[in-house]
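**Student:** Structure: data_8.txt, compact mmCIF, C-alpha atoms.
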# COMPACT_ATOMS: atom_id res chain seq x y z
CA MET A 30 95.34 -6.23 -97.89
CA LYS A 31 95.89 -5.21 -94.29
CA VAL A 32 99.30 -5.10 -92.85
CA PHE A 33 99.53 -6.00 -89.18
CA THR A 34 102.26 -4.46 -87.10
CA PHE A 35 103.36 -5.74 -83.73
CA ARG A 36 104.64 -3.54 -81.00
CA ARG A 37 107.47 -4.74 -78.93
CA ILE A 38 106.22 -5.51 -75.42
CA PRO A 39 108.29 -3.64 -72.81
CA THR A 40 110.63 -5.71 -70.70
CA TRP A 41 109.06 -4.45 -67.48
CA TYR A 42 105.73 -5.91 -68.58
CA TRP A 43 107.17 -9.40 -68.88
CA GLY A 44 108.77 -9.06 -65.47
CA PHE A 45 105.50 -7.94 -63.96
CA ALA A 46 103.55 -10.78 -65.58
CA VAL A 47 105.99 -13.45 -64.43
CA THR A 48 105.95 -12.10 -60.89
CA PHE A 49 102.15 -11.91 -60.87
CA PHE A 50 101.66 -15.51 -61.98
CA PHE A 51 104.37 -16.72 -59.59
CA LEU A 52 102.62 -15.07 -56.65
CA LEU A 53 99.29 -16.42 -57.85
CA ALA A 54 100.68 -19.94 -57.80
CA LEU A 55 101.97 -19.45 -54.27
CA ALA A 56 98.79 -17.85 -52.96
CA PRO A 57 97.01 -21.00 -51.66
CA GLY A 58 100.03 -22.06 -49.63
CA ALA A 59 100.61 -18.55 -48.34
CA VAL A 60 97.00 -18.23 -47.24
CA GLN A 61 97.20 -21.57 -45.45
CA GLN A 62 100.37 -20.50 -43.63
CA MET A 63 98.73 -17.24 -42.59
CA GLN A 64 95.71 -19.13 -41.30
CA GLN A 65 97.92 -21.49 -39.32
CA ALA A 66 99.89 -18.57 -37.89
CA SER A 67 96.69 -16.88 -36.78
CA VAL A 68 95.66 -19.88 -34.65
CA HIS A 69 96.42 -19.04 -31.02
CA LYS A 70 97.95 -21.86 -29.02
CA PRO A 71 98.20 -21.01 -25.31
CA SER A 72 101.22 -22.05 -23.28
CA PRO A 73 101.81 -22.21 -19.52
CA ILE A 74 104.19 -19.79 -17.83
CA TYR A 75 106.97 -21.35 -15.78
CA GLN A 76 108.90 -18.25 -14.79
CA GLY A 77 108.75 -14.50 -14.93
CA ASN A 78 110.90 -11.73 -16.34
CA THR A 79 114.55 -12.79 -16.01
CA ALA A 80 115.71 -9.22 -16.62
CA LYS A 81 114.38 -8.18 -13.21
CA GLN A 82 115.62 -9.35 -9.82
CA GLN A 83 112.17 -10.39 -8.69
CA VAL A 84 110.67 -13.67 -7.49
CA ALA A 85 107.15 -14.78 -6.58
CA PHE A 86 105.69 -17.28 -4.12
CA ALA A 87 102.80 -19.31 -5.58
CA CYS A 88 100.94 -21.01 -2.75
CA ASN A 89 98.38 -23.65 -3.73
CA VAL A 90 95.64 -24.03 -1.13
CA PHE A 91 93.34 -27.00 -0.54
CA TRP A 92 94.27 -27.60 3.09
CA GLY A 93 96.46 -26.10 5.82
CA GLU A 94 93.98 -23.67 7.35
CA GLU A 95 95.68 -24.05 10.73
CA TYR A 96 98.81 -22.29 9.41
CA PHE A 97 97.27 -19.22 7.83
CA SER A 98 97.07 -16.92 10.82
CA GLU A 99 100.80 -17.14 11.47
CA MET A 100 101.66 -17.17 7.77
CA LEU A 101 99.75 -13.96 7.12
CA ASP A 102 101.40 -12.35 10.16
CA ILE A 103 104.86 -13.18 8.78
CA LEU A 104 104.01 -11.79 5.34
CA GLN A 105 102.59 -8.62 6.86
CA LYS A 106 105.63 -8.13 9.08
CA GLU A 107 107.94 -8.53 6.08
CA ASN A 108 105.68 -6.30 3.94
CA ILE A 109 105.47 -8.68 1.01
CA LYS A 110 102.58 -9.90 -1.14
CA VAL A 111 102.26 -13.40 -2.55
CA THR A 112 99.80 -15.26 -4.75
CA PHE A 113 97.44 -17.81 -3.23
CA PHE A 114 95.83 -20.19 -5.72
CA MET A 115 92.62 -21.03 -3.92
CA GLY A 116 90.79 -24.35 -4.05
CA GLY A 117 87.05 -23.77 -4.23
CA SER A 118 85.78 -26.49 -1.91
CA TRP A 119 88.34 -25.35 0.70
CA ALA A 120 87.39 -21.69 0.22
CA LYS A 121 83.74 -22.57 0.74
CA ARG A 122 84.57 -24.12 4.12
CA HIS A 123 86.87 -21.25 5.14
CA PRO A 124 85.49 -17.99 3.69
CA ASP A 125 86.84 -15.93 6.60
CA ILE A 126 90.42 -16.99 5.82
CA VAL A 127 89.90 -16.18 2.14
CA LYS A 128 88.62 -12.73 3.11
CA ASN A 129 91.61 -12.17 5.38
CA ILE A 130 93.99 -13.10 2.58
CA ALA A 131 92.31 -10.70 0.15
CA GLU A 132 92.04 -7.88 2.69
CA ALA A 133 95.75 -8.21 3.41
CA GLY A 134 96.38 -7.36 -0.25
CA HIS A 135 97.56 -10.73 -1.47
CA GLU A 136 96.77 -11.94 -4.96
CA LEU A 137 94.18 -14.66 -5.48
CA GLY A 138 94.44 -17.28 -8.21
CA ASN A 139 92.21 -20.16 -9.31
CA HIS A 140 93.11 -23.76 -8.40
CA THR A 141 89.79 -25.35 -9.52
CA TYR A 142 86.84 -26.14 -7.31
CA SER A 143 87.43 -29.79 -6.36
CA HIS A 144 91.04 -30.57 -7.43
CA PRO A 145 90.38 -33.11 -10.22
CA HIS A 146 93.00 -34.43 -12.62
CA PRO A 147 92.50 -31.90 -15.47
CA ASN A 148 93.72 -34.28 -18.18
CA ASP A 149 91.13 -36.88 -17.19
CA ILE A 150 88.04 -34.69 -17.59
CA SER A 151 86.48 -33.00 -20.60
CA LYS A 152 87.12 -29.45 -21.75
CA GLU A 153 83.70 -28.38 -20.55
CA ALA A 154 84.30 -30.02 -17.17
CA ASN A 155 87.59 -28.10 -16.87
CA LYS A 156 85.75 -24.87 -17.59
CA GLU A 157 83.07 -25.72 -15.04
CA GLN A 158 85.74 -26.29 -12.37
CA ILE A 159 87.33 -22.91 -13.06
CA ILE A 160 84.06 -20.98 -13.34
CA LYS A 161 82.55 -22.50 -10.19
CA ASN A 162 85.63 -21.54 -8.21
CA GLU A 163 85.85 -18.10 -9.80
CA THR A 164 82.21 -17.40 -8.90
CA LEU A 165 82.73 -18.50 -5.29
CA ILE A 166 85.89 -16.44 -4.78
CA LYS A 167 84.21 -13.38 -6.27
CA GLU A 168 81.21 -13.84 -3.96
CA ILE A 169 83.53 -13.99 -0.94
CA THR A 170 86.02 -11.26 -1.87
CA GLY A 171 84.67 -9.31 -4.85
CA ILE A 172 87.81 -10.30 -6.78
CA LYS A 173 87.74 -12.02 -10.17
CA THR A 174 90.63 -14.42 -10.61
CA VAL A 175 92.63 -14.40 -13.85
CA LEU A 176 95.55 -16.73 -13.04
CA TYR A 177 95.06 -20.50 -13.13
CA ALA A 178 97.16 -23.21 -11.49
CA PRO A 179 96.03 -26.66 -12.66
CA PRO A 180 95.91 -29.35 -9.94
CA TYR A 181 98.91 -31.69 -9.85
CA GLY A 182 100.64 -29.34 -12.32
CA GLU A 183 98.80 -31.38 -14.93
CA PHE A 184 97.83 -30.03 -18.34
CA ASN A 185 97.57 -30.75 -22.04
CA ASP A 186 96.45 -28.64 -25.00
CA MET A 187 92.80 -29.12 -24.07
CA VAL A 188 93.33 -27.96 -20.49
CA LEU A 189 95.32 -24.92 -21.62
CA SER A 190 92.68 -24.06 -24.19
CA ALA A 191 89.87 -24.33 -21.63
CA ALA A 192 91.62 -21.86 -19.31
CA ASP A 193 92.60 -19.55 -22.13
CA GLU A 194 89.07 -19.35 -23.49
CA LEU A 195 87.93 -18.19 -20.06
CA GLY A 196 90.56 -15.44 -20.06
CA TYR A 197 93.03 -17.20 -17.76
CA THR A 198 96.81 -17.42 -17.86
CA THR A 199 98.06 -20.85 -16.78
CA ILE A 200 100.84 -20.67 -14.21
CA MET A 201 103.36 -23.38 -13.40
CA TRP A 202 106.63 -22.95 -11.48
CA SER A 203 110.39 -22.96 -11.87
CA ILE A 204 111.24 -23.96 -8.28
CA ASP A 205 109.30 -26.58 -6.34
CA THR A 206 109.63 -26.77 -2.55
CA ILE A 207 107.98 -30.22 -2.57
CA ASP A 208 106.73 -29.15 0.84
CA TRP A 209 103.65 -31.37 0.62
CA LYS A 210 105.96 -34.21 1.60
CA LYS A 211 106.69 -32.21 4.77
CA PRO A 212 110.49 -32.33 4.71
CA PRO A 213 112.55 -30.51 7.37
CA GLU A 214 112.52 -26.73 6.98
CA ASP A 215 116.23 -26.60 6.09
CA VAL A 216 115.55 -28.88 3.10
CA ILE A 217 112.95 -26.43 1.81
CA ILE A 218 115.36 -23.53 2.23
CA LYS A 219 118.14 -25.37 0.36
CA ARG A 220 115.76 -26.35 -2.46
CA VAL A 221 114.77 -22.76 -3.01
CA MET A 222 118.04 -20.93 -2.44
CA GLY A 223 120.04 -23.52 -4.39
CA LYS A 224 118.02 -22.85 -7.54
CA ILE A 225 116.99 -19.23 -7.09
CA HIS A 226 117.06 -17.04 -10.20
CA ASN A 227 115.55 -13.88 -11.60
CA GLY A 228 111.86 -14.34 -12.34
CA ALA A 229 111.51 -17.49 -10.25
CA ILE A 230 108.03 -18.74 -9.44
CA ILE A 231 108.36 -20.71 -6.20
CA LEU A 232 105.66 -23.31 -5.58
CA MET A 233 104.62 -23.92 -1.98
CA HIS A 234 101.70 -25.02 0.18
CA PRO A 235 100.52 -24.12 3.68
CA THR A 236 102.42 -26.72 5.70
CA GLU A 237 104.23 -26.61 9.03
CA PRO A 238 107.75 -26.88 7.57
CA THR A 239 106.91 -24.18 5.00
CA LEU A 240 105.73 -21.90 7.78
CA LYS A 241 108.96 -22.49 9.70
CA ALA A 242 111.10 -21.95 6.60
CA LEU A 243 109.30 -18.80 5.44
CA PRO A 244 111.08 -16.18 7.61
CA THR A 245 114.52 -17.50 6.64
CA LEU A 246 113.57 -17.73 2.97
CA ILE A 247 112.33 -14.16 2.93
CA ARG A 248 115.43 -12.89 4.76
CA GLU A 249 117.89 -14.72 2.48
CA LEU A 250 116.07 -13.65 -0.68
CA LYS A 251 116.15 -10.03 0.43
CA GLN A 252 119.84 -10.31 1.36
CA ARG A 253 120.58 -11.49 -2.17
CA GLY A 254 118.76 -8.47 -3.55
CA PHE A 255 115.55 -10.15 -4.66
CA GLU A 256 112.21 -8.38 -4.49
CA ILE A 257 109.31 -10.69 -3.62
CA VAL A 258 106.21 -9.82 -5.65
CA PRO A 259 102.91 -11.46 -6.69
CA VAL A 260 102.90 -13.77 -9.71
CA SER A 261 101.10 -11.24 -11.91
CA VAL A 262 103.96 -8.79 -11.32
CA VAL A 263 106.86 -11.19 -11.84
CA ILE A 264 105.49 -12.33 -15.24
CA GLN A 265 105.23 -8.79 -16.61
Re-express the file's structure as structure tokens.

**Tutor:**
Amino acid sequence: MKVFTFRRIPTWYWGFAVTFFFLLALAPGAVQQMQQASVHKPSPIYQGNTAKQQVAFACNVFWGEEYFSEMLDILQKENIKVTFFMGGSWAKRHPDIVKNIAEAGHELGNHTYSHPHPNDISKEANKEQIIKNETLIKEITGIKTVLYAPPYGEFNDMVLSAADELGYTTIMWSIDTIDWKKPPEDVIIKRVMGKIHNGAIILMHPTEPTLKALPTLIRELKQRGFEIVPVSVVIQ
């Protein structure tokens, strides 16, 4: 007759076993959470680095060619660089102005080719708008755009995803001059200086009141200690 003896299982073994089965039970949920965390969801940028006393002008361009000569002269005199988000159909009609902007050292961004409502067209159509404009700007200047300003400031997850998949960062603004309504120049100045902050992205367009307000804006920003830089610099 055999006599069976049982060894006492060490306490650490039980602890290990319980922990192992507990982790095993949690594994499916943990994997799902990791998968969800790994999904990249792009977001627009409304302002830059608030730790630095810098601001940027973001000028959207689909009209206003008559103001560029004087505008570029002012920027050159003040030795500042800004970001022009170019509209493709406008750039096609005015390649010389686009070249002048690039040769002056200003930053070029992408504002689509024909200014559609981004939310109203498909993802592929959004990509086509960006690519067509990118190709045109590169043909004119040799520069590949990487910043995207959606027309009307309009976007949803699909629009953001379309830009992101093409390697673009979507740029919005923190201060709006609302200059497309062509208010008096002093209204534009008050709108900007009344809300100015570190990292501000200031939206503007090439309009007559903007042109008139620009020298005063630049002077007052400098007097307050702000450095005016392109958008790509302020968001660093």

**Student:** Can you build me a table of range 169-220 of chain A residues sitting at most 8 Å from range 73-86 of chain A, with the closest atom pair per residue and its distance in Å to one decimal, using all atoms listed in the file, sorted by chain and residue number, as a tab-separated table?

**Tutor:**
residue	atom	partner	partner_atom	distance
A:Leu189	CA	A:Pro73	CA	7.3
A:Thr198	CA	A:Pro73	CA	7.1
A:Thr199	CA	A:Pro73	CA	4.8
A:Ile200	CA	A:Ile74	CA	5.0
A:Met201	CA	A:Tyr75	CA	4.8
A:Trp202	CA	A:Tyr75	CA	4.6
A:Ser203	CA	A:Tyr75	CA	5.4

**Student:** Can you list every residue of range 167-260 of chain A that has an atom at most 9 Å from range 114-132 of chain A, with its nearest atom pair and the distance in Å to one decimal, using all atoms listed in the file, ordered by chain then number, as a tab-separated table?

**Tutor:**
residue	atom	partner	partner_atom	distance
A:Ile169	CA	A:Pro124	CA	6.4
A:Thr170	CA	A:Lys128	CA	5.8
A:Ile172	CA	A:Ala131	CA	8.3
A:Leu176	CA	A:Phe114	CA	8.1
A:Tyr177	CA	A:Phe114	CA	7.5
A:Ala178	CA	A:Phe114	CA	6.6

**Student:** Could the residues in this selection be written to a file with C-alpha atoms, as a compact mmCIF listing (two decimals), in the coordinates of the input?

**Tutor:**
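Contents of again-v2.txt, freshly written:
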# COMPACT_ATOMS: atom_id res chain seq x y z
CA ILE A 169 83.53 -13.99 -0.94
CA THR A 170 86.02 -11.26 -1.87
CA ILE A 172 87.81 -10.30 -6.78
CA LEU A 176 95.55 -16.73 -13.04
CA TYR A 177 95.06 -20.50 -13.13
CA ALA A 178 97.16 -23.21 -11.49

**Student:** I need the residue nearest Ala192 in chain A from this list: A:Ala133, A:Ala154, A:Ile207, A:Ile257. Use only C-alpha atoms for the distance.

**Tutor:**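 The shortest atom-to-atom distance to Ala192 in chain A comes from A:Ala154.
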
**Student:** For range 63-171 of chain A versus range 180-183 of chain A, which residues have an atom no more than 7 Å away, and what is each residue's nearest atom pair and distance in Å rounded to one decimal, using only C-alpha atoms, chain-then-number order, as a tab-separated table?

**Tutor:**
residue	atom	partner	partner_atom	distance
A:His140	CA	A:Pro180	CA	6.4
A:His144	CA	A:Pro180	CA	5.6
A:Pro145	CA	A:Pro180	CA	6.7
A:His146	CA	A:Pro180	CA	6.4
A:Pro147	CA	A:Glu183	CA	6.3
A:Asn148	CA	A:Glu183	CA	6.7

**Student:** Give me, please, the distance in Å between CA of Thr141 in chain A and CA of Lys156 in chain A, quoted to one decimal.

**Tutor:** 9.0 Å

**Student:** Hey, can you check how far CA of Glu163 in chain A sits from CA of Tyr197 in chain A?

**Tutor:**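 About the pair CA of Glu163 in chain A and CA of Tyr197 in chain A: they are 10.8 Å apart.
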
**Student:** Write out as a Markdown table a residue-level contact list of range 60-120 of chain A versus range 259-262 of chain A with cut-off 6 Å: for each qualifying residue the closest pair of atoms and the distance in Å to one decimal, counting all atoms listed in the file, rows sorted by chain and residue number upward.

**Tutor:**
| residue | atom | partner | partner_atom | distance |
| --- | --- | --- | --- | --- |
| A:Ala85 | CA | A:Val260 | CA | 5.4 |
| A:Lys110 | CA | A:Pro259 | CA | 5.8 |
| A:Val111 | CA | A:Pro259 | CA | 4.6 |
| A:Thr112 | CA | A:Pro259 | CA | 5.3 |

**Student:** Between A:Cys88, A:Leu246, A:Gly134, A:Asn185, which has the minimum distance to Ile230 in chain A (counting only C-alpha atoms)?

**Tutor:**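 Selected residue with least distance to Ile230 in chain A: A:Cys88.
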
**Student:** When distances are computed from all atoms listed in the file, which of A:Ala242, A:Ala191, A:Val216, A:Met233 shows the smallest separation from Phe113 in chain A?

**Tutor:**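 Among the listed residues, A:Met233 lies closest to Phe113 in chain A.
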
**Student:** With distances taken over all atoms listed in the file, which residue among A:Ser151, A:Glu136, A:Glu256, A:Lys161 lies nearest Asp186 in chain A?

**Tutor:**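 Of A:Ser151, A:Glu136, A:Glu256, A:Lys161, the one nearest Asp186 in chain A is A:Ser151, counting all atoms listed in the file.
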
**Student:** Would you pick out the contacts of range 94-100 of chain A at 7 Å or less, using all atoms listed in the file, so that residues sharing its chain but fewer than 5 positions from it are not included, and give the list as a PyMOL selection string?

**Tutor:** chain A and resi 235-237+240

**Student:** Produce a file of the selected residues containing C-alpha atoms, as a compact mmCIF listing (two decimals), in the frame of the given file.

**Tutor:**
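Listed below is the output, selection_30.txt:
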# COMPACT_ATOMS: atom_id res chain seq x y z
CA PRO A 235 100.52 -24.12 3.68
CA THR A 236 102.42 -26.72 5.70
CA GLU A 237 104.23 -26.61 9.03
CA LEU A 240 105.73 -21.90 7.78

**Student:** Quick check, in Å to one decimal: how far apart do CA of His234 in chain A and CA of Lys219 in chain A lie?

**Tutor:** 16.4 Å

**Student:** A:Tyr142, A:Asp149, A:Lys167, A:Pro71: which is nearest Gly196 in chain A, counting all atoms listed in the file?

**Tutor:**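 Of A:Tyr142, A:Asp149, A:Lys167, A:Pro71, the one nearest Gly196 in chain A is A:Pro71, counting all atoms listed in the file.
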
**Student:** Starting from 5 Å padding per side, set up an axis-aligned box that covers all listed atoms of range 226-236 of chain A and hand over centre and edge lengths in Å, one decimal, as lines of an AutoDock Vina configuration file.

**Tutor:**
center_x = 108.8
center_y = -20.3
center_z = -3.3
size_x = 26.5
size_y = 22.8
size_z = 28.0

**Student:** Given the choices A:Ser190, A:Gln265, A:Thr174, A:Thr206, which gets closest to Thr239 in chain A if the distance is worked out from all atoms listed in the file?

**Tutor:**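 Using all atoms listed in the file, the shortest distance to Thr239 in chain A belongs to A:Thr206.
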